[in-house]
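*Asks:* Next comes the structure file entry_23.txt, holding compact mmCIF, C-alpha atoms.
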# COMPACT_ATOMS: atom_id res chain seq x y z
CA MET A 1 117.78 75.85 74.14
CA ALA A 2 115.65 77.66 71.60
CA GLU A 3 112.60 76.82 73.66
CA GLU A 4 114.15 78.36 76.77
CA CYS A 5 115.08 81.54 74.93
CA CYS A 6 111.59 81.81 73.53
CA SER A 7 110.13 81.39 77.03
CA ALA A 8 112.50 83.98 78.47
CA ASP A 9 111.68 86.44 75.69
CA LEU A 10 107.95 86.03 76.34
CA LEU A 11 108.26 86.86 80.04
CA GLU A 12 110.63 89.74 79.38
CA TRP A 13 108.20 91.13 76.84
CA ILE A 14 105.16 91.12 79.13
CA GLY A 15 107.17 92.06 82.25
CA PRO A 16 107.45 90.48 85.73
CA ASP A 17 104.24 91.94 87.16
CA VAL A 18 102.01 90.77 84.32
CA SER A 19 103.81 87.41 84.26
CA ALA A 20 103.08 86.90 87.96
CA CYS A 21 99.40 87.84 87.42
CA VAL A 22 99.12 85.29 84.61
CA PHE A 23 100.70 82.50 86.68
CA ASP A 24 98.55 83.47 89.65
CA ARG A 25 95.47 82.47 87.67
CA LEU A 26 96.56 78.83 87.70
CA ASP A 27 94.28 77.04 90.15
CA HIS A 28 95.92 73.62 90.54
CA PRO A 29 99.29 72.97 92.22
CA ALA A 30 100.38 70.60 89.42
CA ASP A 31 99.89 73.35 86.81
CA LEU A 32 102.09 75.73 88.79
CA VAL A 33 104.82 73.10 89.18
CA ARG A 34 104.69 72.37 85.43
CA ALA A 35 105.01 76.08 84.66
CA ALA A 36 108.07 76.31 86.92
CA ALA A 37 109.64 73.40 85.04
CA VAL A 38 109.46 75.09 81.60
CA SER A 39 112.68 77.09 81.97
CA ARG A 40 114.89 78.88 84.49
CA THR A 41 113.14 82.15 83.72
CA TRP A 42 109.69 80.72 84.31
CA ARG A 43 110.86 79.01 87.50
CA ARG A 44 112.40 82.23 88.82
CA CYS A 45 109.13 84.06 88.18
CA VAL A 46 107.04 81.40 89.96
CA VAL A 47 109.43 81.03 92.90
CA GLU A 48 110.28 84.67 93.56
CA SER A 49 106.64 85.77 93.29
CA GLY A 50 105.62 83.37 96.08
CA LEU A 51 102.89 81.88 93.88
CA SER A 52 102.92 78.44 95.49
CA LYS A 53 102.07 79.96 98.90
CA SER A 54 99.40 82.19 97.32
CA LEU A 55 97.74 79.16 95.71
CA CYS A 56 97.99 77.21 98.94
CA LEU A 57 96.22 80.05 100.78
CA ARG A 58 93.43 80.11 98.20
CA LEU A 59 92.90 76.37 98.53
CA CYS A 60 93.05 76.30 102.33
CA PRO A 61 93.00 79.73 104.04
CA GLU A 62 93.92 78.09 107.36
CA VAL A 63 97.55 78.17 106.19
CA ALA A 64 97.54 81.94 106.88
CA THR A 65 97.73 81.13 110.62
CA VAL A 66 101.12 79.43 110.24
CA ALA A 67 103.86 81.73 111.57
CA ALA A 68 106.69 80.09 109.61
CA ALA A 69 107.60 77.05 107.55
CA ALA A 70 110.75 74.95 107.70
CA GLU A 71 112.17 71.94 105.92
CA VAL A 72 113.55 69.13 108.07
CA THR A 73 115.98 66.73 106.45
CA ARG A 74 116.81 63.27 107.74
CA SER A 75 120.55 63.85 107.69
CA PRO A 76 122.03 66.81 109.58
CA PRO A 77 122.10 70.06 107.56
CA SER A 78 125.25 70.55 105.51
CA THR A 79 127.53 73.54 105.92
CA ALA A 80 127.16 74.44 102.23
CA ALA A 81 125.70 77.79 101.23
CA SER A 82 122.03 77.95 102.13
CA GLU A 83 119.37 78.36 99.47
CA SER A 84 116.99 81.31 99.27
CA VAL A 85 113.91 81.49 101.47
CA SER A 86 111.70 81.84 98.39
CA GLU A 87 113.09 78.59 96.91
CA ARG A 88 112.46 76.76 100.18
CA ASP A 89 108.95 78.17 100.53
CA TYR A 90 108.16 77.22 96.93
CA ARG A 91 109.07 73.61 97.68
CA ILE A 92 107.17 73.47 100.99
CA TYR A 93 103.94 75.12 99.87
CA SER A 94 103.76 73.45 96.46
CA ASN A 95 104.04 70.08 98.20
CA LEU A 96 101.46 71.08 100.83
CA ALA A 97 98.99 72.23 98.17
CA GLY A 98 99.68 69.08 96.18
CA ALA A 99 99.06 66.86 99.21
CA TYR A 100 95.84 68.76 99.97
CA VAL A 101 94.34 68.10 96.52
CA SER A 102 96.06 64.91 95.32
CA ASP A 103 94.31 62.42 97.58
CA SER A 104 90.86 63.99 97.38
CA ALA A 105 89.53 60.91 95.55
CA ARG A 106 90.85 58.59 98.28
CA PRO A 107 88.15 57.36 100.71
CA SER A 108 88.11 59.26 103.99
CA ALA A 109 88.97 57.41 107.19
CA GLY A 110 88.31 57.98 110.87
CA CYS A 111 90.69 60.60 112.30
CA ILE A 112 89.99 60.64 116.06
CA SER A 113 92.83 59.48 118.28
CA HIS A 114 91.38 60.19 121.72
CA CYS A 115 89.33 62.59 123.83
CA ILE A 116 90.73 65.80 125.32
CA GLY A 117 87.77 67.08 127.32
CA ALA A 118 84.12 68.15 127.56
CA SER A 119 82.71 71.48 128.71
CA SER A 120 80.69 69.65 131.37
CA THR A 121 79.70 66.10 132.33
CA ASP A 122 76.62 65.22 134.34
CA ASP A 123 77.76 61.97 135.97
CA PHE A 124 81.53 61.65 135.60
CA PRO A 125 82.97 59.14 134.75
CA ILE A 126 79.85 57.07 134.00
CA GLU A 127 78.71 59.53 131.32
CA THR A 128 82.22 60.55 130.17
CA MET A 129 82.82 61.70 126.59
CA GLU A 130 85.10 58.66 126.15
CA ASN A 131 81.83 56.81 125.47
CA THR A 132 81.38 58.77 122.23
CA LEU A 133 84.29 56.86 120.65
CA ASP A 134 82.25 53.65 120.60
CA GLU A 135 79.54 53.08 118.01
CA GLU A 136 77.38 50.90 120.26
CA GLU A 137 74.52 52.26 122.38
CA ILE A 138 74.94 49.49 124.93
CA ILE A 139 78.31 48.40 126.36
CA ASN A 140 78.47 45.69 129.03
CA PHE A 141 74.68 45.93 129.46
CA ARG A 142 74.89 49.66 130.25
CA PRO A 143 73.91 52.63 128.07
CA SER A 144 76.97 54.24 126.45
CA TYR A 145 76.80 58.02 125.92
CA TRP A 146 78.11 61.40 127.08
CA SER A 147 75.76 63.74 128.94
CA SER A 148 76.24 67.43 129.63
CA GLY A 149 75.39 68.97 132.95
CA GLY A 150 71.85 70.28 133.32
CA ALA A 151 70.95 73.91 132.53
CA ASP A 152 67.90 76.11 133.01
CA ASP A 153 68.81 78.12 129.89
CA PRO A 154 67.90 76.31 126.64
CA GLU A 155 70.59 78.35 124.82
CA ALA A 156 73.44 77.17 127.07
CA PRO A 157 76.17 75.69 124.80
CA GLU A 158 78.37 72.64 125.32
CA SER A 159 81.47 71.33 123.59
CA LEU A 160 83.47 68.14 123.06
CA THR A 161 87.16 68.38 122.15
CA TYR A 162 89.12 65.60 120.47
CA ARG A 163 92.73 64.95 119.53
CA LEU A 164 93.05 63.74 115.95
CA ASN A 165 95.54 61.08 114.90
CA SER A 166 98.07 63.38 113.22
CA ASP A 167 99.44 66.93 113.36
CA ILE A 168 97.81 67.89 110.07
CA CYS A 169 94.57 66.38 108.76
CA VAL A 170 92.30 67.26 105.88
CA VAL A 171 88.81 66.97 107.40
CA ASP A 172 85.74 66.92 105.16
CA GLU A 173 82.95 65.42 107.27
CA ILE A 174 81.91 65.08 110.93
CA ARG A 175 79.18 62.73 112.10
CA VAL A 176 77.30 63.04 115.38
CA ARG A 177 74.64 60.76 116.84
CA PRO A 178 72.45 62.27 119.57
CA TYR A 179 71.49 59.95 122.41
CA GLN A 180 67.98 58.63 122.94
CA ALA A 181 67.26 57.76 126.59
CA PHE A 182 65.21 54.58 126.27
CA PHE A 183 65.23 54.20 130.06
CA GLN A 184 63.17 57.42 130.50
CA ASP A 185 59.48 57.97 129.84
CA ASP A 186 58.67 58.71 126.17
CA ASP A 187 62.27 57.87 125.13
CA PRO A 188 63.48 61.51 124.81
CA ILE A 189 66.32 62.43 122.44
CA TYR A 190 68.79 64.93 123.88
CA SER A 191 70.10 66.58 120.72
CA SER A 192 71.36 70.15 120.36
CA LYS A 193 69.67 72.73 118.14
CA THR A 194 72.73 73.29 115.95
CA VAL A 195 76.34 72.17 115.75
CA ARG A 196 79.56 73.96 114.75
CA PHE A 197 83.15 72.77 114.42
CA ARG A 198 86.46 74.40 115.29
CA MET A 199 89.91 73.10 114.39
CA GLY A 200 93.33 74.17 115.58
CA HIS A 201 95.96 73.37 118.16
CA TYR A 202 96.92 73.60 121.80
CA LYS A 203 98.83 76.84 122.46
CA LEU A 204 101.61 75.16 124.42
CA PRO A 205 104.00 72.43 123.23
CA ARG A 206 102.52 68.94 122.94
CA GLU A 207 104.31 67.78 126.08
CA SER A 208 102.29 70.33 128.12
CA GLU A 209 98.95 68.93 126.99
CA SER A 210 96.95 67.17 129.69
CA PHE A 211 94.01 64.81 129.47
CA ILE A 212 90.88 63.78 131.34
CA ILE A 213 91.57 62.62 134.90
CA ASP A 214 88.50 63.85 136.79
CA ASP A 215 85.63 66.24 136.15
CA ASP A 216 87.51 69.36 137.32
CA GLU A 217 90.46 68.48 135.09
CA ASN A 218 88.00 67.76 132.29
CA LYS A 219 86.70 71.35 132.40
CA MET A 220 90.17 72.89 132.76
CA VAL A 221 91.58 71.00 129.74
CA ASN A 222 88.69 72.19 127.61
CA ALA A 223 89.16 75.88 128.48
CA GLU A 224 88.83 78.08 125.39
CA GLU A 225 91.95 80.15 126.13
CA LYS A 226 94.19 77.09 125.86
CA TYR A 227 93.63 76.74 122.10
CA MET A 228 94.25 78.63 118.89
CA TRP A 229 91.48 77.94 116.38
CA THR A 230 92.51 78.12 112.74
CA TYR A 231 89.18 77.06 111.21
CA THR A 232 85.55 77.60 112.23
CA SER A 233 82.71 76.03 110.27
CA PRO A 234 79.24 77.48 109.68
CA GLU A 235 76.46 76.29 111.98
CA PHE A 236 74.53 73.18 110.92
CA PRO A 237 71.03 72.31 112.16
CA MET A 238 70.81 69.07 114.11
CA LEU A 239 67.77 66.84 113.90
CA GLN A 240 66.19 65.48 117.07
CA LYS A 241 66.64 61.94 115.77
CA ASN A 242 68.49 58.89 117.04
CA GLU A 243 70.73 58.49 114.00
CA LEU A 244 74.31 59.20 112.95
CA GLN A 245 73.91 62.62 111.33
CA SER A 246 76.40 63.71 108.67
CA PHE A 247 77.75 67.27 108.53
CA LYS A 248 79.84 67.83 105.40
CA LEU A 249 82.00 70.92 105.44
CA PRO A 250 81.63 73.46 102.59
CA ARG A 251 85.18 72.50 101.54
CA PRO A 252 87.76 70.15 103.04
CA ALA A 253 89.36 71.97 105.99
CA LEU A 254 93.02 71.75 106.95
CA CYS A 255 93.25 71.00 110.67
CA ILE A 256 96.63 72.48 111.66
CA GLY A 257 97.65 71.07 115.03
CA GLY A 258 95.32 68.08 115.31
CA VAL A 259 92.62 69.38 117.68
CA LEU A 260 88.90 69.44 116.79
CA MET A 261 86.12 70.89 118.94
CA ILE A 262 82.44 70.10 118.40
CA GLU A 263 80.27 72.97 119.63
CA LEU A 264 76.75 71.89 120.55
CA LEU A 265 74.62 75.04 120.44
CA GLY A 266 71.19 75.24 122.04
CA ARG A 267 69.12 72.59 123.84
CA VAL A 268 65.77 71.09 122.92
CA GLN A 269 65.03 68.48 125.59
CA LYS A 270 64.27 68.76 129.29
CA GLN A 271 64.75 65.88 131.69
CA GLU A 272 61.53 65.22 133.54
CA ALA A 273 63.29 64.32 136.80
CA ASP A 274 64.78 67.79 137.41
CA ASP A 275 63.12 69.97 134.74
CA MET A 276 66.52 70.96 133.27
CA TYR A 277 67.86 70.95 129.72
CA TYR A 278 70.57 68.47 128.70
CA ILE A 279 72.55 67.51 125.61
CA CYS A 280 73.62 63.88 125.17
CA VAL A 281 75.77 62.34 122.43
CA CYS A 282 76.07 58.64 121.71
CA HIS A 283 78.78 58.57 119.04
CA VAL A 284 81.09 60.89 117.07
CA GLN A 285 83.13 60.31 113.90
CA VAL A 286 85.59 62.67 112.21
CA LEU A 287 86.36 61.68 108.61
CA GLY A 288 89.35 62.84 106.61
CA ARG A 289 92.96 61.94 105.82
CA SER A 290 96.30 62.56 107.45
CA LEU A 291 99.12 64.57 105.87
CA SER A 292 101.63 63.38 108.48
CA PRO A 293 104.47 62.46 108.69
CA LEU A 294 105.19 64.40 105.49
CA PHE A 295 103.98 67.50 107.35
CA MET A 296 104.16 68.10 111.09
CA VAL A 297 103.51 71.11 113.35
CA ASP A 298 105.51 72.65 116.20
CA ILE A 299 104.34 75.39 118.56
CA SER A 300 106.83 78.22 118.48
CA ASP A 301 106.05 80.44 121.46
CA PRO A 302 103.62 81.09 124.38
CA GLU A 303 101.34 83.03 122.03
CA GLY A 304 100.57 79.73 120.35
CA HIS A 305 101.91 80.41 116.87
CA SER A 306 102.63 77.29 114.85
CA ILE A 307 105.55 76.33 112.63
CA LEU A 308 104.89 74.07 109.67
CA LYS A 309 107.54 71.35 109.32
CA TYR A 310 108.02 69.65 105.95
CA LEU A 311 109.82 66.28 106.00
CA PRO A 312 110.56 65.43 102.36
CA GLY A 313 112.49 62.31 103.42
CA ALA A 314 109.28 60.79 104.85
CA LYS A 315 107.47 60.83 101.50
CA ASP A 316 108.57 57.41 100.29
CA LEU A 317 109.13 55.71 103.64
CA SER A 318 106.88 52.93 104.87
CA ILE A 319 105.53 52.81 108.43
CA ASP A 320 108.11 50.10 109.21
CA ASP A 321 110.93 52.39 108.02
CA LEU A 322 109.66 55.19 110.24
CA LEU A 323 109.61 52.87 113.24
CA GLN A 324 113.34 52.35 113.01
CA ASP A 325 115.88 54.78 114.47
CA ASP A 326 119.12 55.64 112.74
CA THR A 327 122.05 57.15 114.61
CA ASN A 328 122.74 59.33 111.57
CA ASP A 329 119.33 61.02 111.76
CA SER A 330 119.26 64.74 112.57
CA LEU A 331 117.96 65.63 116.04
CA GLU A 332 114.91 67.47 114.69
CA TRP A 333 114.00 64.61 112.34
CA HIS A 334 114.33 62.16 115.23
CA HIS A 335 112.10 64.33 117.47
CA LEU A 336 109.33 64.72 114.88
CA VAL A 337 109.32 61.09 113.74
CA ALA A 338 109.32 59.91 117.37
CA ARG A 339 106.23 62.03 117.98
CA TYR A 340 104.57 60.56 114.90
CA ARG A 341 105.32 57.05 116.17
CA GLN A 342 103.83 57.97 119.54
CA MET A 343 100.61 59.19 117.87
CA ASN A 344 100.37 55.93 115.91
CA ARG A 345 100.90 53.82 119.02
CA ARG A 346 98.23 55.73 120.92
CA ALA A 347 95.76 55.34 118.04
CA ALA A 348 96.50 51.59 117.97
CA VAL A 349 95.93 51.30 121.73
CA VAL A 350 92.59 53.15 121.51
CA ALA A 351 91.49 50.89 118.61
CA SER A 352 92.51 47.80 120.58
CA GLN A 353 90.67 48.93 123.70
CA THR A 354 87.53 49.60 121.67
CA MET A 355 87.72 46.15 120.13
CA ILE A 356 88.14 44.51 123.55
CA MET A 357 85.14 46.43 124.93
CA LYS A 358 82.99 45.17 122.05
CA MET A 359 84.03 41.56 122.71
CA MET A 360 83.26 41.66 126.44
When written as structure tokens, how does the structure in this file appear?

*Replies:*
Amino acid sequence: MAEECCSADLLEWIGPDVSACVFDRLDHPADLVRAAAVSRTWRRCVVESGLSKSLCLRLCPEVATVAAAAEVTRSPPSTAASESVSERDYRIYSNLAGAYVSDSARPSAGCISHCIGASSTDDFPIETMENTLDEEEIINFRPSYWSSGGADDPEAPESLTYRLNSDICVVDEIRVRPYQAFFQDDDPIYSSKTVRFRMGHYKLPRESESFIIDDDENKMVNAEEKYMWTYTSPEFPMLQKNELQSFKLPRPALCIGGVLMIELLGRVQKQEADDMYYICVCHVQVLGRSLSPLFMVDISDPEGHSILKYLPGAKDLSIDDLLQDDTNDSLEWHHLVARYRQMNRRAAVVASQTMIMKMM
């Protein structure tokens, strides 16, 4: 009790504005949570000043694109008096910041679920971007790679867009292997000059998202206006070498919405047969870690604004627990967890298909 009074006296002495400035200098989510646990006065200062969201924005500025945040409980909401927005936001953003930094020492894993579309394809579906999901250069005795359409302009860009395996991923590295055409004279390598990465989400609800069916659909799905990009990396130079080239981001980026676009900027290699420039990619990897199902994303309106959903009840549940339905679950919990299960099933199917292709 004496300790609480002492803490309260300290904050009252320096005033709320100075107190908030002092707490705002804390640069780790755990420190802010510890400060809020000292006393009711300290907690009120941390919560009402919105410091957890401010720290979250400093760690990952992509959070600024989120239109709103909501907490989704497993059981239906009670009719008891609702808590303050600031208390709810403190809980959501302190957990998001904690999840962003807490697993940074954990090894990154592959994050790609499947392909969405390419800006162009030379010989669809033989040279489809689906080939970039496989590490091998030769599949069933045929070269495996994606090829852009030809261009007279060496500055003509291309892009490959992928769906990641969860709504929210922390991405720290992307690897791209240009393709070397051993079946052509002098074994040319069709790399791009530079590469850049965008992350974000489809502007319409997930159910509206379409996928590659034919080349026209491929171009339509990849249209720039269909996406809201929440992160754009600097440009990285690409070597004209047949190797898996690593591009580490300046800091781990929060991909809000699970879509990643690889922009291939500039062309260096002409094809002798038609004297046109091409870009070809053999393999792509996106390395990071998922923050789902603890955090999910919904699209709120036609403008493409996203709503961050925090599912505290998913924190200690195993995958097996999440696979089971409960009639007592709230409708929103059921909807979000069902979507998470669907993403996991699709990732498992893609992994299985890749394994089968390698064995054939």

*Asks:* By how many Å are atom CA of A:Gln269 and atom CA of A:Gln285 apart?

*Replies:* 23.0 Å

*Asks:* Under the rule that only C-alpha atoms are counted, which of A:Asn95, A:Asn344, A:Thr194, A:Asn165 is the nearest residue to A:Ser233?

*Replies:*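 Closest to A:Ser233, using only C-alpha atoms: A:Thr194.
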
*Asks:* Which one is closest to A:Glu137: A:Ser19, A:Asn242, A:Ser84, A:Gln184? Count all atoms listed in the file.

*Replies:* A:Asn242

*Asks:* With all atoms listed in the file as the atoms that count, which of A:Ser166, A:Ser191, A:Ser330, A:Ser94 lies nearest to A:Phe295?

*Replies:*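 Going through A:Ser166, A:Ser191, A:Ser330, A:Ser94 one by one, the smallest distance to A:Phe295 is for A:Ser166.
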
*Asks:* Go ahead and compute the interatomic distance for atom CA of A:Gln245 and atom CA of A:Val284, in Å to one decimal.

*Replies:*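 For atom CA of A:Gln245 relative to atom CA of A:Val284, the distance reads 9.4 Å.
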
*Asks:* Separation of atom CA of A:Ala273 and atom CA of A:Lys241, in Å?

*Replies:*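 Result for atom CA of A:Ala273 versus atom CA of A:Lys241: 21.4 Å, one decimal.
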
*Asks:* Please determine, counting all atoms listed in the file, which residue among A:Met276, A:Val85, A:Val72, A:Val101 has the shortest atom-to-atom distance to A:Ala151.

*Replies:*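 Of the candidates, the smallest distance to A:Ala151 is held by A:Met276.
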
*Asks:* For a cut-off of 8 Å around (86.1, 73.6, 104.5), file coordinates, pick out all residues using all atoms listed in the file and list them as a PyMOL selection string.

*Replies:* chain A and resi 60+171-172+233+249-254

*Asks:* Could you check the closest approach to A:Trp333 for each of A:Pro29, A:Pro76, A:Gly288, A:Pro234 and tell me which residue wins, using all atoms listed in the file?

*Replies:*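 When distances to A:Trp333 are compared using all atoms listed in the file, the smallest one comes from A:Pro76.
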